[in-house]
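One structure below.
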Amino acid sequence: MLAIEAIKSITEETLPALTIVTGDDVGQFEILKSSLLQAINFESSSLHHTYFDTKSATYAQIELDLQSLPFFSDQKIVILDHFQDITTAKKRWFSDDELKALEAYLLNPIETTKLIIFAEGKLDSKRRLVKILKKNGYLLEASELKEQELRAYFEQKSTEEGLLFEPQVFEQLLVKSAFNFSELSKNIAFLKSYKGKGKVEEDDIKVAIPKTLQDNIFDLTQLVLSNKLEAARQLVHDLTLQGEDEVKLIAIMLGQLRMFLYVKLLAECGQNEQQITSSLSDYLGRKVNPYQVKFALRDSRQLTSNRLKNSIINLIEADYQIKMGIYTKDFLFELALLKISRS
């Protein structure tokens with residue numbers, strides 16, 4: 001069972017004696033964290049809830065609270081937040097002696113104290129403390145979901161929110177969200193706010209969900225290839241004002257143009273969408289979503305292989321010259337866009 005589903009069965013009464021919430025999927029981790037705090041009815045003012053931010057709390061404070069008996073109730077809950085000492089992150093809040101003291105407590109805990117540990121990141125399995133936590137505790141891990149799990153979760157989430165998707169519209173949402181848990185969570189919320197309930201159309205996604213950098217670069221690529229240089233310059237100006245770097249813009253453009261070229265060349269070899277998806281998955285060493293191929297074939301239909309190759313060469317040359325410091329970034333990037341528009 002997914003951690004994000006398992007947490008639904010936890011209440012303040014059924015909370016295990018030791019619970020560890022961890023994982024490097026940031027969006028999922030934050031949902032797990034907020035869901036667990038909501039499940040136990042956490043209140044900072046409650047006398048049987050104690051919260052410690054390990055970045056600022058001393059271990060002496062934590063140990064005193066772990067060892068003390070609860071007031072006005074049979075049990076109390078102690079929460080340790082941002083406990084990155086047990087992750088692979090190079091952050092230490094406590095000394096080795098303090099961590100050993102915590103190990104000793106975990107091996108002989110106070111029965112009236114329930115402990116929750118939030119540790120964003122990947123657990124360092126080599127640490128003795130982590131081994132003890134895994135053996136004695138209930139682990140909820142926000143690990144990256146497989147595509148099938150991601151689909152199933154957000155299909156159910158959408159239904160719960162009263163949003164209905166046709167298959168192709170849901171695929172568009174997945175692609176626009178880059179199959180990322182955090183982005184999908186935010187975009188479902190945008191659609192819910194915009195639409196309320198009911199059937200979601202393609203236009204709803206375009207209107208309700210803010211454009212990503214990938215979307216803006218796609219627009220930029222289309223403007224340049226259509227020889228609409230003034231509009232392209234304005235878009236680049238807007239993006240750089242927002243703090244985006246020309247080298248980053250080039251990298252994203254290269255990724256999009258390469259995908260166009262890949263599907264174009266494979267299509268010219270007589271492969272259909274399904275065959276192209278399979279070939280690209282083998283070539284790139286990762287599973288390529290069929291809808292990415294479908295959209296790439298559609299968007300590259302009017303482009304020739306030679307023009308795509310020349311566009312990629314121009315961007316690579318600009319990237320090299322920028323990194324060599326030959327001219328300024330803005331000049332070299334604009335020159336590359338000019339060459340692409342005239343190719």
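A note on labels: chains of the structure tokens are A, B, ... as shown, every chain counts residues from 1, and ligands are counted from 1 in their shown order.
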**Request:** Within 12 Å of Lys248 (chain A), counting only C-alpha atoms, which residues show up once you throw out same-chain ones fewer than 2 positions away? Write them as a ChimeraX atom specification, please.
**Result:** /A:213-214,217,236,239-240,243-246,250-255,315,319,322-323,329,333
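The closest residue to Gln222 (chain A), picked from A:Leu337, A:Leu184, A:Ile205, A:Val175 and counting only C-alpha atoms, is A:Leu337.
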Within 12 Å of Leu174 (chain A) using only C-alpha atoms, minus same-chain residues under 4 positions, as a JSON list (two decimals) with all heavy atoms, in the first residue's frame:
```json
[["chain", "number", "residue", "atom", "x", "y", "z"],
["A", 147, "GLU", "N", 4.73, 5.10, -12.52],
["A", 147, "GLU", "CA", 3.74, 5.80, -13.33],
["A", 147, "GLU", "C", 2.33, 5.26, -13.10],
["A", 147, "GLU", "O", 1.37, 6.03, -12.98],
["A", 147, "GLU", "CB", 4.10, 5.70, -14.81],
["A", 147, "GLU", "CG", 3.17, 6.50, -15.71],
["A", 147, "GLU", "CD", 3.55, 6.43, -17.17],
["A", 147, "GLU", "OE1", 4.76, 6.45, -17.48],
["A", 147, "GLU", "OE2", 2.63, 6.35, -18.01],
["A", 148, "GLN", "N", 2.20, 3.94, -13.02],
["A", 148, "GLN", "CA", 0.89, 3.34, -12.81],
["A", 148, "GLN", "C", 0.30, 3.76, -11.46],
["A", 148, "GLN", "O", -0.89, 4.04, -11.36],
["A", 148, "GLN", "CB", 1.00, 1.81, -12.89],
["A", 148, "GLN", "CG", -0.35, 1.09, -12.83],
["A", 148, "GLN", "CD", -0.20, -0.41, -12.98],
["A", 148, "GLN", "OE1", 0.90, -0.93, -13.17],
["A", 148, "GLN", "NE2", -1.30, -1.13, -12.90],
["A", 150, "LEU", "N", 1.08, 6.51, -9.83],
["A", 150, "LEU", "CA", 0.80, 7.94, -9.92],
["A", 150, "LEU", "C", -0.55, 8.17, -10.60],
["A", 150, "LEU", "O", -1.37, 8.98, -10.13],
["A", 150, "LEU", "CB", 1.92, 8.62, -10.72],
["A", 150, "LEU", "CG", 1.98, 10.14, -10.68],
["A", 150, "LEU", "CD1", 2.48, 10.62, -9.32],
["A", 150, "LEU", "CD2", 2.90, 10.67, -11.78],
["A", 151, "ARG", "N", -0.77, 7.46, -11.69],
["A", 151, "ARG", "CA", -2.05, 7.58, -12.41],
["A", 151, "ARG", "C", -3.22, 7.20, -11.51],
["A", 151, "ARG", "O", -4.21, 7.93, -11.42],
["A", 151, "ARG", "CB", -2.04, 6.67, -13.64],
["A", 151, "ARG", "CG", -1.18, 7.11, -14.79],
["A", 151, "ARG", "CD", -1.16, 6.06, -15.87],
["A", 151, "ARG", "NE", -0.34, 6.45, -16.99],
["A", 151, "ARG", "CZ", -0.75, 7.22, -17.99],
["A", 151, "ARG", "NH1", -1.99, 7.66, -17.99],
["A", 151, "ARG", "NH2", 0.05, 7.54, -18.96],
["A", 152, "ALA", "N", -3.09, 6.04, -10.88],
["A", 152, "ALA", "CA", -4.19, 5.53, -10.06],
["A", 152, "ALA", "C", -4.52, 6.50, -8.93],
["A", 152, "ALA", "O", -5.69, 6.76, -8.63],
["A", 152, "ALA", "CB", -3.84, 4.15, -9.52],
["A", 154, "PHE", "N", -3.96, 9.81, -8.68],
["A", 154, "PHE", "CA", -4.56, 11.08, -9.09],
["A", 154, "PHE", "C", -5.89, 10.91, -9.83],
["A", 154, "PHE", "O", -6.70, 11.84, -9.84],
["A", 154, "PHE", "CB", -3.56, 11.90, -9.91],
["A", 154, "PHE", "CG", -2.54, 12.58, -9.04],
["A", 154, "PHE", "CD1", -1.27, 12.07, -8.91],
["A", 154, "PHE", "CD2", -2.87, 13.71, -8.33],
["A", 154, "PHE", "CE1", -0.33, 12.69, -8.08],
["A", 154, "PHE", "CE2", -1.95, 14.34, -7.50],
["A", 154, "PHE", "CZ", -0.68, 13.82, -7.38],
["A", 155, "GLU", "N", -6.12, 9.74, -10.40],
["A", 155, "GLU", "CA", -7.45, 9.46, -10.92],
["A", 155, "GLU", "C", -8.45, 9.41, -9.77],
["A", 155, "GLU", "O", -9.54, 9.99, -9.85],
["A", 155, "GLU", "CB", -7.45, 8.14, -11.69],
["A", 155, "GLU", "CG", -6.83, 8.24, -13.08],
["A", 155, "GLU", "CD", -6.69, 6.90, -13.76],
["A", 155, "GLU", "OE1", -6.96, 5.86, -13.09],
["A", 155, "GLU", "OE2", -6.30, 6.86, -14.94],
["A", 165, "PHE", "N", -12.38, 13.54, -16.05],
["A", 165, "PHE", "CA", -11.47, 13.70, -17.18],
["A", 165, "PHE", "C", -11.75, 12.65, -18.25],
["A", 165, "PHE", "O", -11.92, 11.47, -17.94],
["A", 165, "PHE", "CB", -10.00, 13.51, -16.74],
["A", 165, "PHE", "CG", -9.47, 14.62, -15.88],
["A", 165, "PHE", "CD1", -9.63, 14.59, -14.51],
["A", 165, "PHE", "CD2", -8.77, 15.68, -16.44],
["A", 165, "PHE", "CE1", -9.11, 15.60, -13.71],
["A", 165, "PHE", "CE2", -8.25, 16.69, -15.65],
["A", 165, "PHE", "CZ", -8.43, 16.65, -14.28],
["A", 167, "PRO", "N", -9.93, 10.42, -21.10],
["A", 167, "PRO", "CA", -8.56, 9.88, -21.07],
["A", 167, "PRO", "C", -7.51, 10.81, -21.67],
["A", 167, "PRO", "O", -6.44, 11.01, -21.09],
["A", 167, "PRO", "CB", -8.68, 8.58, -21.86],
["A", 167, "PRO", "CG", -10.10, 8.15, -21.65],
["A", 167, "PRO", "CD", -10.89, 9.42, -21.61],
["A", 168, "GLN", "N", -7.81, 11.42, -22.83],
["A", 168, "GLN", "CA", -6.81, 12.26, -23.48],
["A", 168, "GLN", "C", -6.56, 13.55, -22.71],
["A", 168, "GLN", "O", -5.45, 14.09, -22.72],
["A", 168, "GLN", "CB", -7.21, 12.57, -24.93],
["A", 168, "GLN", "CG", -8.41, 13.50, -25.09],
["A", 168, "GLN", "CD", -9.74, 12.75, -25.07],
["A", 168, "GLN", "OE1", -9.79, 11.59, -24.67],
["A", 168, "GLN", "NE2", -10.79, 13.41, -25.52],
["A", 169, "VAL", "N", -7.58, 14.04, -22.02],
["A", 169, "VAL", "CA", -7.41, 15.26, -21.22],
["A", 169, "VAL", "C", -6.58, 14.96, -19.97],
["A", 169, "VAL", "O", -5.73, 15.76, -19.57],
["A", 169, "VAL", "CB", -8.79, 15.86, -20.83],
["A", 169, "VAL", "CG1", -8.61, 17.12, -20.00],
["A", 169, "VAL", "CG2", -9.59, 16.18, -22.09],
["A", 170, "PHE", "N", -6.82, 13.80, -19.36],
["A", 170, "PHE", "CA", -6.04, 13.41, -18.19],
["A", 170, "PHE", "C", -4.58, 13.21, -18.58],
["A", 170, "PHE", "O", -3.67, 13.60, -17.84],
["A", 170, "PHE", "CB", -6.60, 12.12, -17.59],
["A", 170, "PHE", "CG", -5.96, 11.75, -16.27],
["A", 170, "PHE", "CD1", -6.19, 12.52, -15.14],
["A", 170, "PHE", "CD2", -5.13, 10.64, -16.17],
["A", 170, "PHE", "CE1", -5.60, 12.18, -13.92],
["A", 170, "PHE", "CE2", -4.53, 10.31, -14.96],
["A", 170, "PHE", "CZ", -4.78, 11.08, -13.83],
["A", 178, "ALA", "N", 4.53, 17.01, -15.98],
["A", 178, "ALA", "CA", 5.80, 16.27, -16.08],
["A", 178, "ALA", "C", 5.80, 15.01, -15.21],
["A", 178, "ALA", "O", 6.83, 14.58, -14.72],
["A", 178, "ALA", "CB", 6.98, 17.16, -15.72],
["A", 179, "PHE", "N", 4.59, 14.42, -14.99],
["A", 179, "PHE", "CA", 4.46, 13.21, -14.19],
["A", 179, "PHE", "C", 5.09, 13.38, -12.81],
["A", 179, "PHE", "O", 5.62, 12.44, -12.23],
["A", 179, "PHE", "CB", 5.06, 12.00, -14.92],
["A", 179, "PHE", "CG", 4.31, 11.62, -16.16],
["A", 179, "PHE", "CD1", 4.55, 12.27, -17.35],
["A", 179, "PHE", "CD2", 3.35, 10.63, -16.12],
["A", 179, "PHE", "CE1", 3.84, 11.94, -18.50],
["A", 179, "PHE", "CE2", 2.64, 10.29, -17.27],
["A", 179, "PHE", "CZ", 2.88, 10.95, -18.46],
["A", 180, "ASN", "N", 5.00, 14.60, -12.29],
["A", 180, "ASN", "CA", 5.59, 14.95, -11.00],
["A", 180, "ASN", "C", 4.49, 15.08, -9.95],
["A", 180, "ASN", "O", 3.49, 15.77, -10.17],
["A", 180, "ASN", "CB", 6.37, 16.26, -11.13],
["A", 180, "ASN", "CG", 7.00, 16.70, -9.83],
["A", 180, "ASN", "OD1", 6.36, 17.37, -9.03],
["A", 180, "ASN", "ND2", 8.24, 16.32, -9.61],
["A", 181, "PHE", "N", 4.68, 14.43, -8.80],
["A", 181, "PHE", "CA", 3.65, 14.40, -7.76],
["A", 181, "PHE", "C", 3.28, 15.81, -7.29],
["A", 181, "PHE", "O", 2.10, 16.16, -7.19],
["A", 181, "PHE", "CB", 4.12, 13.56, -6.58],
["A", 181, "PHE", "CG", 3.05, 13.25, -5.58],
["A", 181, "PHE", "CD1", 2.39, 12.04, -5.62],
["A", 181, "PHE", "CD2", 2.71, 14.16, -4.59],
["A", 181, "PHE", "CE1", 1.38, 11.76, -4.70],
["A", 181, "PHE", "CE2", 1.72, 13.89, -3.68],
["A", 181, "PHE", "CZ", 1.05, 12.68, -3.73],
["A", 182, "SER", "N", 4.29, 16.62, -7.01],
["A", 182, "SER", "CA", 4.04, 17.99, -6.53],
["A", 182, "SER", "C", 3.27, 18.81, -7.54],
["A", 182, "SER", "O", 2.31, 19.51, -7.20],
["A", 182, "SER", "CB", 5.37, 18.68, -6.20],
["A", 182, "SER", "OG", 6.05, 18.03, -5.17],
["A", 183, "GLU", "N", 3.71, 18.73, -8.81],
["A", 183, "GLU", "CA", 3.06, 19.52, -9.86],
["A", 183, "GLU", "C", 1.63, 19.05, -10.08],
["A", 183, "GLU", "O", 0.72, 19.87, -10.26],
["A", 183, "GLU", "CB", 3.85, 19.41, -11.16],
["A", 183, "GLU", "CG", 5.20, 20.12, -11.13],
["A", 183, "GLU", "CD", 5.09, 21.59, -10.83],
["A", 183, "GLU", "OE1", 4.22, 22.26, -11.42],
["A", 183, "GLU", "OE2", 5.84, 22.09, -9.97],
["A", 184, "LEU", "N", 1.40, 17.75, -10.05],
["A", 184, "LEU", "CA", 0.05, 17.23, -10.22],
["A", 184, "LEU", "C", -0.86, 17.68, -9.07],
["A", 184, "LEU", "O", -2.02, 18.05, -9.30],
["A", 184, "LEU", "CB", 0.08, 15.70, -10.31],
["A", 184, "LEU", "CG", 0.38, 15.13, -11.69],
["A", 184, "LEU", "CD1", 0.79, 13.67, -11.60],
["A", 184, "LEU", "CD2", -0.82, 15.28, -12.61],
["A", 185, "SER", "N", -0.34, 17.66, -7.86],
["A", 185, "SER", "CA", -1.12, 18.10, -6.70],
["A", 185, "SER", "C", -1.53, 19.57, -6.86],
["A", 185, "SER", "O", -2.69, 19.93, -6.63],
["A", 185, "SER", "CB", -0.32, 17.93, -5.41],
["A", 185, "SER", "OG", -0.01, 16.58, -5.18],
["A", 186, "LYS", "N", -0.58, 20.40, -7.27],
["A", 186, "LYS", "CA", -0.87, 21.83, -7.45],
["A", 186, "LYS", "C", -1.86, 22.05, -8.60],
["A", 186, "LYS", "O", -2.78, 22.85, -8.49],
["A", 186, "LYS", "CB", 0.43, 22.60, -7.74],
["A", 186, "LYS", "CG", 1.33, 22.78, -6.54],
["A", 186, "LYS", "CD", 2.45, 23.77, -6.80],
["A", 186, "LYS", "CE", 3.41, 23.26, -7.85],
["A", 186, "LYS", "NZ", 4.57, 24.16, -8.02],
["A", 187, "ASN", "N", -1.67, 21.31, -9.69],
["A", 187, "ASN", "CA", -2.51, 21.53, -10.87],
["A", 187, "ASN", "C", -3.94, 21.03, -10.65],
["A", 187, "ASN", "O", -4.89, 21.64, -11.17],
["A", 187, "ASN", "CB", -1.88, 20.87, -12.09],
["A", 187, "ASN", "CG", -0.62, 21.59, -12.53],
["A", 187, "ASN", "OD1", -0.41, 22.76, -12.19],
["A", 187, "ASN", "ND2", 0.24, 20.93, -13.29],
["A", 188, "ILE", "N", -4.10, 19.95, -9.89],
["A", 188, "ILE", "CA", -5.45, 19.51, -9.52],
["A", 188, "ILE", "C", -6.13, 20.58, -8.68],
["A", 188, "ILE", "O", -7.32, 20.87, -8.85],
["A", 188, "ILE", "CB", -5.39, 18.17, -8.74],
["A", 188, "ILE", "CG1", -4.99, 17.01, -9.65],
["A", 188, "ILE", "CG2", -6.73, 17.88, -8.07],
["A", 188, "ILE", "CD1", -6.04, 16.55, -10.62],
["A", 205, "ILE", "N", -7.58, 23.23, -18.84],
["A", 205, "ILE", "CA", -6.19, 23.05, -18.43],
["A", 205, "ILE", "C", -5.35, 24.24, -18.89],
["A", 205, "ILE", "O", -4.51, 24.76, -18.14],
["A", 205, "ILE", "CB", -5.63, 21.73, -19.00],
["A", 205, "ILE", "CG1", -6.31, 20.55, -18.31],
["A", 205, "ILE", "CG2", -4.11, 21.65, -18.83],
["A", 205, "ILE", "CD1", -5.88, 19.19, -18.80],
["A", 289, "ASN", "N", 6.58, 8.29, -22.25],
["A", 289, "ASN", "CA", 5.12, 8.26, -22.29],
["A", 289, "ASN", "C", 4.62, 8.38, -23.73],
["A", 289, "ASN", "O", 5.08, 9.22, -24.48],
["A", 289, "ASN", "CB", 4.57, 9.42, -21.46],
["A", 289, "ASN", "CG", 3.05, 9.36, -21.35],
["A", 289, "ASN", "OD1", 2.35, 9.89, -22.20],
["A", 289, "ASN", "ND2", 2.56, 8.72, -20.31],
["A", 290, "PRO", "N", 3.68, 7.52, -24.13],
["A", 290, "PRO", "CA", 3.17, 7.55, -25.50],
["A", 290, "PRO", "C", 2.61, 8.91, -25.91],
["A", 290, "PRO", "O", 2.70, 9.29, -27.08],
["A", 290, "PRO", "CB", 2.07, 6.49, -25.49],
["A", 290, "PRO", "CG", 2.41, 5.59, -24.36],
["A", 290, "PRO", "CD", 3.07, 6.44, -23.33],
["A", 291, "TYR", "N", 2.04, 9.64, -24.94],
["A", 291, "TYR", "CA", 1.46, 10.94, -25.29],
["A", 291, "TYR", "C", 2.54, 11.99, -25.58],
["A", 291, "TYR", "O", 2.32, 12.93, -26.33],
["A", 291, "TYR", "CB", 0.50, 11.41, -24.20],
["A", 291, "TYR", "CG", -0.87, 10.82, -24.36],
["A", 291, "TYR", "CD1", -1.15, 9.55, -23.90],
["A", 291, "TYR", "CD2", -1.88, 11.51, -25.02],
["A", 291, "TYR", "CE1", -2.40, 8.98, -24.06],
["A", 291, "TYR", "CE2", -3.14, 10.96, -25.19],
["A", 291, "TYR", "CZ", -3.40, 9.68, -24.71],
["A", 291, "TYR", "OH", -4.64, 9.13, -24.88],
["A", 292, "GLN", "N", 3.72, 11.83, -24.98],
["A", 292, "GLN", "CA", 4.83, 12.72, -25.33],
["A", 292, "GLN", "C", 5.22, 12.53, -26.79],
["A", 292, "GLN", "O", 5.50, 13.50, -27.50],
["A", 292, "GLN", "CB", 6.03, 12.44, -24.42],
["A", 292, "GLN", "CG", 5.84, 12.89, -22.99],
["A", 292, "GLN", "CD", 7.03, 12.54, -22.11],
["A", 292, "GLN", "OE1", 7.30, 11.36, -21.87],
["A", 292, "GLN", "NE2", 7.73, 13.54, -21.64]]
```
**Request:** For CA of Leu69 (chain A) and CA of Tyr138 (chain A), determine how far apart the two atoms are, in Å to one decimal place.
**Result:**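 These atoms are spaced 22.6 Å apart.
For the choices A:Thr14, A:Thr50, A:Gln172, A:Thr277, the atom-to-atom distance to Lys206 (chain A) is smallest for A:Gln172 when using only C-alpha atoms.
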**Gly121 (chain A) environment, 6 Å, only C-alpha atoms, sequence neighbours closer than 3 positions dropped, as JSON, numbers by chain** = {"A": [23, 24, 87]}
The selected residues should be written to file as a compact mmCIF listing (two decimals), in the first residue's frame (atoms: N, CA, C and O atoms).
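Final file, selection.txt:
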```
# COMPACT_ATOMS: atom_id res chain seq x y z
N GLY A 23 11.45 10.39 3.12
CA GLY A 23 11.33 10.27 1.67
C GLY A 23 11.85 11.50 0.95
O GLY A 23 11.88 12.61 1.50
N ASP A 24 12.29 11.27 -0.31
CA ASP A 24 12.86 12.37 -1.08
C ASP A 24 11.91 12.93 -2.14
O ASP A 24 12.31 13.78 -2.94
N THR A 87 19.36 11.07 7.77
CA THR A 87 19.28 11.00 6.31
C THR A 87 20.67 11.11 5.70
O THR A 87 21.66 11.35 6.40
```
**Item:** Close residues, Gln275 (chain A) itself excluded, 12 Å, only C-alpha atoms, min 2 positions apart in chain, as JSON, numbers by chain
**Value:** {"A": [263, 266, 267, 269, 270, 271, 272, 273, 277, 278, 279, 280, 281, 282, 288, 290, 293, 294]}
Residues as selected, N, CA, C and O atoms, written as a PDB file, in the first residue's frame, can you do that?
```
ATOM      1  N   VAL A 263      11.596  11.695 -32.977  1.00  0.00           N
ATOM      2  CA  VAL A 263      10.341  11.124 -33.483  1.00  0.00           C
ATOM      3  C   VAL A 263      10.237  11.305 -34.991  1.00  0.00           C
ATOM      4  O   VAL A 263       9.684  10.455 -35.694  1.00  0.00           O
ATOM      5  N   LEU A 266      12.499   8.596 -36.665  1.00  0.00           N
ATOM      6  CA  LEU A 266      11.908   7.268 -36.519  1.00  0.00           C
ATOM      7  C   LEU A 266      10.647   7.123 -37.371  1.00  0.00           C
ATOM      8  O   LEU A 266      10.391   6.054 -37.940  1.00  0.00           O
ATOM      9  N   ALA A 267       9.875   8.206 -37.474  1.00  0.00           N
ATOM     10  CA  ALA A 267       8.681   8.174 -38.324  1.00  0.00           C
ATOM     11  C   ALA A 267       9.068   8.030 -39.794  1.00  0.00           C
ATOM     12  O   ALA A 267       8.415   7.311 -40.564  1.00  0.00           O
ATOM     13  N   CYS A 269      11.499   6.449 -40.839  1.00  0.00           N
ATOM     14  CA  CYS A 269      11.921   5.051 -41.027  1.00  0.00           C
ATOM     15  C   CYS A 269      10.727   4.099 -41.096  1.00  0.00           C
ATOM     16  O   CYS A 269      10.907   2.874 -41.196  1.00  0.00           O
ATOM     17  N   GLY A 270       9.532   4.662 -40.997  1.00  0.00           N
ATOM     18  CA  GLY A 270       8.330   3.848 -41.128  1.00  0.00           C
ATOM     19  C   GLY A 270       7.736   3.370 -39.823  1.00  0.00           C
ATOM     20  O   GLY A 270       6.799   2.560 -39.828  1.00  0.00           O
ATOM     21  N   GLN A 271       8.248   3.853 -38.677  1.00  0.00           N
ATOM     22  CA  GLN A 271       7.712   3.408 -37.392  1.00  0.00           C
ATOM     23  C   GLN A 271       6.439   4.167 -37.041  1.00  0.00           C
ATOM     24  O   GLN A 271       6.321   5.367 -37.316  1.00  0.00           O
ATOM     25  N   ASN A 272       5.486   3.462 -36.410  1.00  0.00           N
ATOM     26  CA  ASN A 272       4.284   4.124 -35.932  1.00  0.00           C
ATOM     27  C   ASN A 272       4.499   4.633 -34.513  1.00  0.00           C
ATOM     28  O   ASN A 272       5.583   4.451 -33.942  1.00  0.00           O
ATOM     29  N   GLU A 273       3.464   5.258 -33.928  1.00  0.00           N
ATOM     30  CA  GLU A 273       3.612   5.862 -32.594  1.00  0.00           C
ATOM     31  C   GLU A 273       4.071   4.852 -31.552  1.00  0.00           C
ATOM     32  O   GLU A 273       4.952   5.126 -30.741  1.00  0.00           O
ATOM     33  N   THR A 277       7.629   4.964 -29.543  1.00  0.00           N
ATOM     34  CA  THR A 277       7.678   4.999 -28.080  1.00  0.00           C
ATOM     35  C   THR A 277       8.603   3.913 -27.547  1.00  0.00           C
ATOM     36  O   THR A 277       9.427   4.164 -26.655  1.00  0.00           O
ATOM     37  N   SER A 278       8.486   2.722 -28.097  1.00  0.00           N
ATOM     38  CA  SER A 278       9.331   1.610 -27.663  1.00  0.00           C
ATOM     39  C   SER A 278      10.799   1.865 -27.994  1.00  0.00           C
ATOM     40  O   SER A 278      11.684   1.642 -27.161  1.00  0.00           O
ATOM     41  N   SER A 279      11.065   2.354 -29.222  1.00  0.00           N
ATOM     42  CA  SER A 279      12.443   2.622 -29.647  1.00  0.00           C
ATOM     43  C   SER A 279      13.088   3.698 -28.784  1.00  0.00           C
ATOM     44  O   SER A 279      14.241   3.580 -28.358  1.00  0.00           O
ATOM     45  N   LEU A 280      12.328   4.767 -28.521  1.00  0.00           N
ATOM     46  CA  LEU A 280      12.866   5.860 -27.709  1.00  0.00           C
ATOM     47  C   LEU A 280      13.114   5.420 -26.271  1.00  0.00           C
ATOM     48  O   LEU A 280      14.093   5.831 -25.646  1.00  0.00           O
ATOM     49  N   SER A 281      12.233   4.593 -25.722  1.00  0.00           N
ATOM     50  CA  SER A 281      12.416   4.086 -24.360  1.00  0.00           C
ATOM     51  C   SER A 281      13.715   3.289 -24.259  1.00  0.00           C
ATOM     52  O   SER A 281      14.464   3.415 -23.285  1.00  0.00           O
ATOM     53  N   ASP A 282      13.992   2.482 -25.286  1.00  0.00           N
ATOM     54  CA  ASP A 282      15.244   1.706 -25.308  1.00  0.00           C
ATOM     55  C   ASP A 282      16.446   2.626 -25.449  1.00  0.00           C
ATOM     56  O   ASP A 282      17.461   2.465 -24.766  1.00  0.00           O
ATOM     57  N   VAL A 288       9.316   6.153 -21.999  1.00  0.00           N
ATOM     58  CA  VAL A 288       8.782   7.369 -22.614  1.00  0.00           C
ATOM     59  C   VAL A 288       7.265   7.255 -22.690  1.00  0.00           C
ATOM     60  O   VAL A 288       6.739   6.219 -23.119  1.00  0.00           O
ATOM     61  N   PRO A 290       3.681   7.518 -24.127  1.00  0.00           N
ATOM     62  CA  PRO A 290       3.174   7.551 -25.502  1.00  0.00           C
ATOM     63  C   PRO A 290       2.613   8.909 -25.914  1.00  0.00           C
ATOM     64  O   PRO A 290       2.702   9.295 -27.082  1.00  0.00           O
ATOM     65  N   VAL A 293       5.205  11.267 -27.237  1.00  0.00           N
ATOM     66  CA  VAL A 293       5.500  10.969 -28.641  1.00  0.00           C
ATOM     67  C   VAL A 293       4.397  11.529 -29.541  1.00  0.00           C
ATOM     68  O   VAL A 293       4.679  12.136 -30.581  1.00  0.00           O
ATOM     69  N   LYS A 294       3.159  11.335 -29.113  1.00  0.00           N
ATOM     70  CA  LYS A 294       2.018  11.819 -29.895  1.00  0.00           C
ATOM     71  C   LYS A 294       2.089  13.337 -30.095  1.00  0.00           C
ATOM     72  O   LYS A 294       1.941  13.853 -31.204  1.00  0.00           O
TER      73      LYS A 294
END
```
**Request:** May I have the residues within 8 Å of Arg258 (chain A) as a PyMOL selection string, using only C-alpha atoms and disregarding those fewer than 4 positions away in the same chain?
**Result:** chain A and resi 254+262+308+312
Would you mind exporting N, CA and C atoms of the selected residues as a PDB file, in the first residue's frame?
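Listed below is the output, out13.pdb:
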```pdb
ATOM      1  N   LEU A 254      16.991  22.659 -26.363  1.00  0.00           N
ATOM      2  CA  LEU A 254      17.679  21.513 -26.973  1.00  0.00           C
ATOM      3  C   LEU A 254      16.928  20.215 -26.689  1.00  0.00           C
ATOM      4  N   TYR A 262      14.076  13.146 -32.884  1.00  0.00           N
ATOM      5  CA  TYR A 262      14.007  11.698 -32.667  1.00  0.00           C
ATOM      6  C   TYR A 262      12.751  11.113 -33.314  1.00  0.00           C
ATOM      7  N   LEU A 308      15.625  20.853 -38.138  1.00  0.00           N
ATOM      8  CA  LEU A 308      15.770  20.504 -36.723  1.00  0.00           C
ATOM      9  C   LEU A 308      17.242  20.287 -36.370  1.00  0.00           C
ATOM     10  N   ILE A 312      19.470  22.566 -33.724  1.00  0.00           N
ATOM     11  CA  ILE A 312      20.194  21.969 -32.593  1.00  0.00           C
ATOM     12  C   ILE A 312      21.662  22.371 -32.634  1.00  0.00           C
TER      13      ILE A 312
END
```
**Request:** With a distance cut-off of 10 Å and only C-alpha atoms, select the neighbouring residues of Phe42 (chain A), excluding the residue or stretch itself and same-chain residues fewer than 6 positions from it, and output the selection as a list in words.
**Result:**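 Here the answer would be Glu12, Ser34, Leu36, His48, His49, Thr50, Tyr51, Ile77 and Ile79 of chain A.
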**Message:** Please identify the strand (DSSP E or B) residues within region 13-93 of chain A (assignment by DSSP from backbone atoms) and present them as a list in words.
**Reply:**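 The strand (DSSP E or B) residues within region 13-93 of chain A come out as Leu18, Thr19, Ile20, Val21, Thr22, Gly23, His49, Thr50, Tyr51, Phe52, Asp53, Lys76, Ile77, Val78, Ile79, Leu80, Asp81 and Thr87 of chain A.
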**Request:** Could you tell me which of A:Leu338, A:Leu173, A:Leu249, A:Ala119 comes closest to Asp53 (chain A) if we count only C-alpha atoms?
**Result:** A:Ala119
**Message:** My list of candidates is A:Phe71, A:Leu163, A:Asn314, A:Glu268. Which is closest to Lys199 (chain A) when distances are computed with only C-alpha atoms?
**Reply:**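 Checking each of A:Phe71, A:Leu163, A:Asn314, A:Glu268 against Lys199 (chain A), counting only C-alpha atoms, the winner is A:Leu163.
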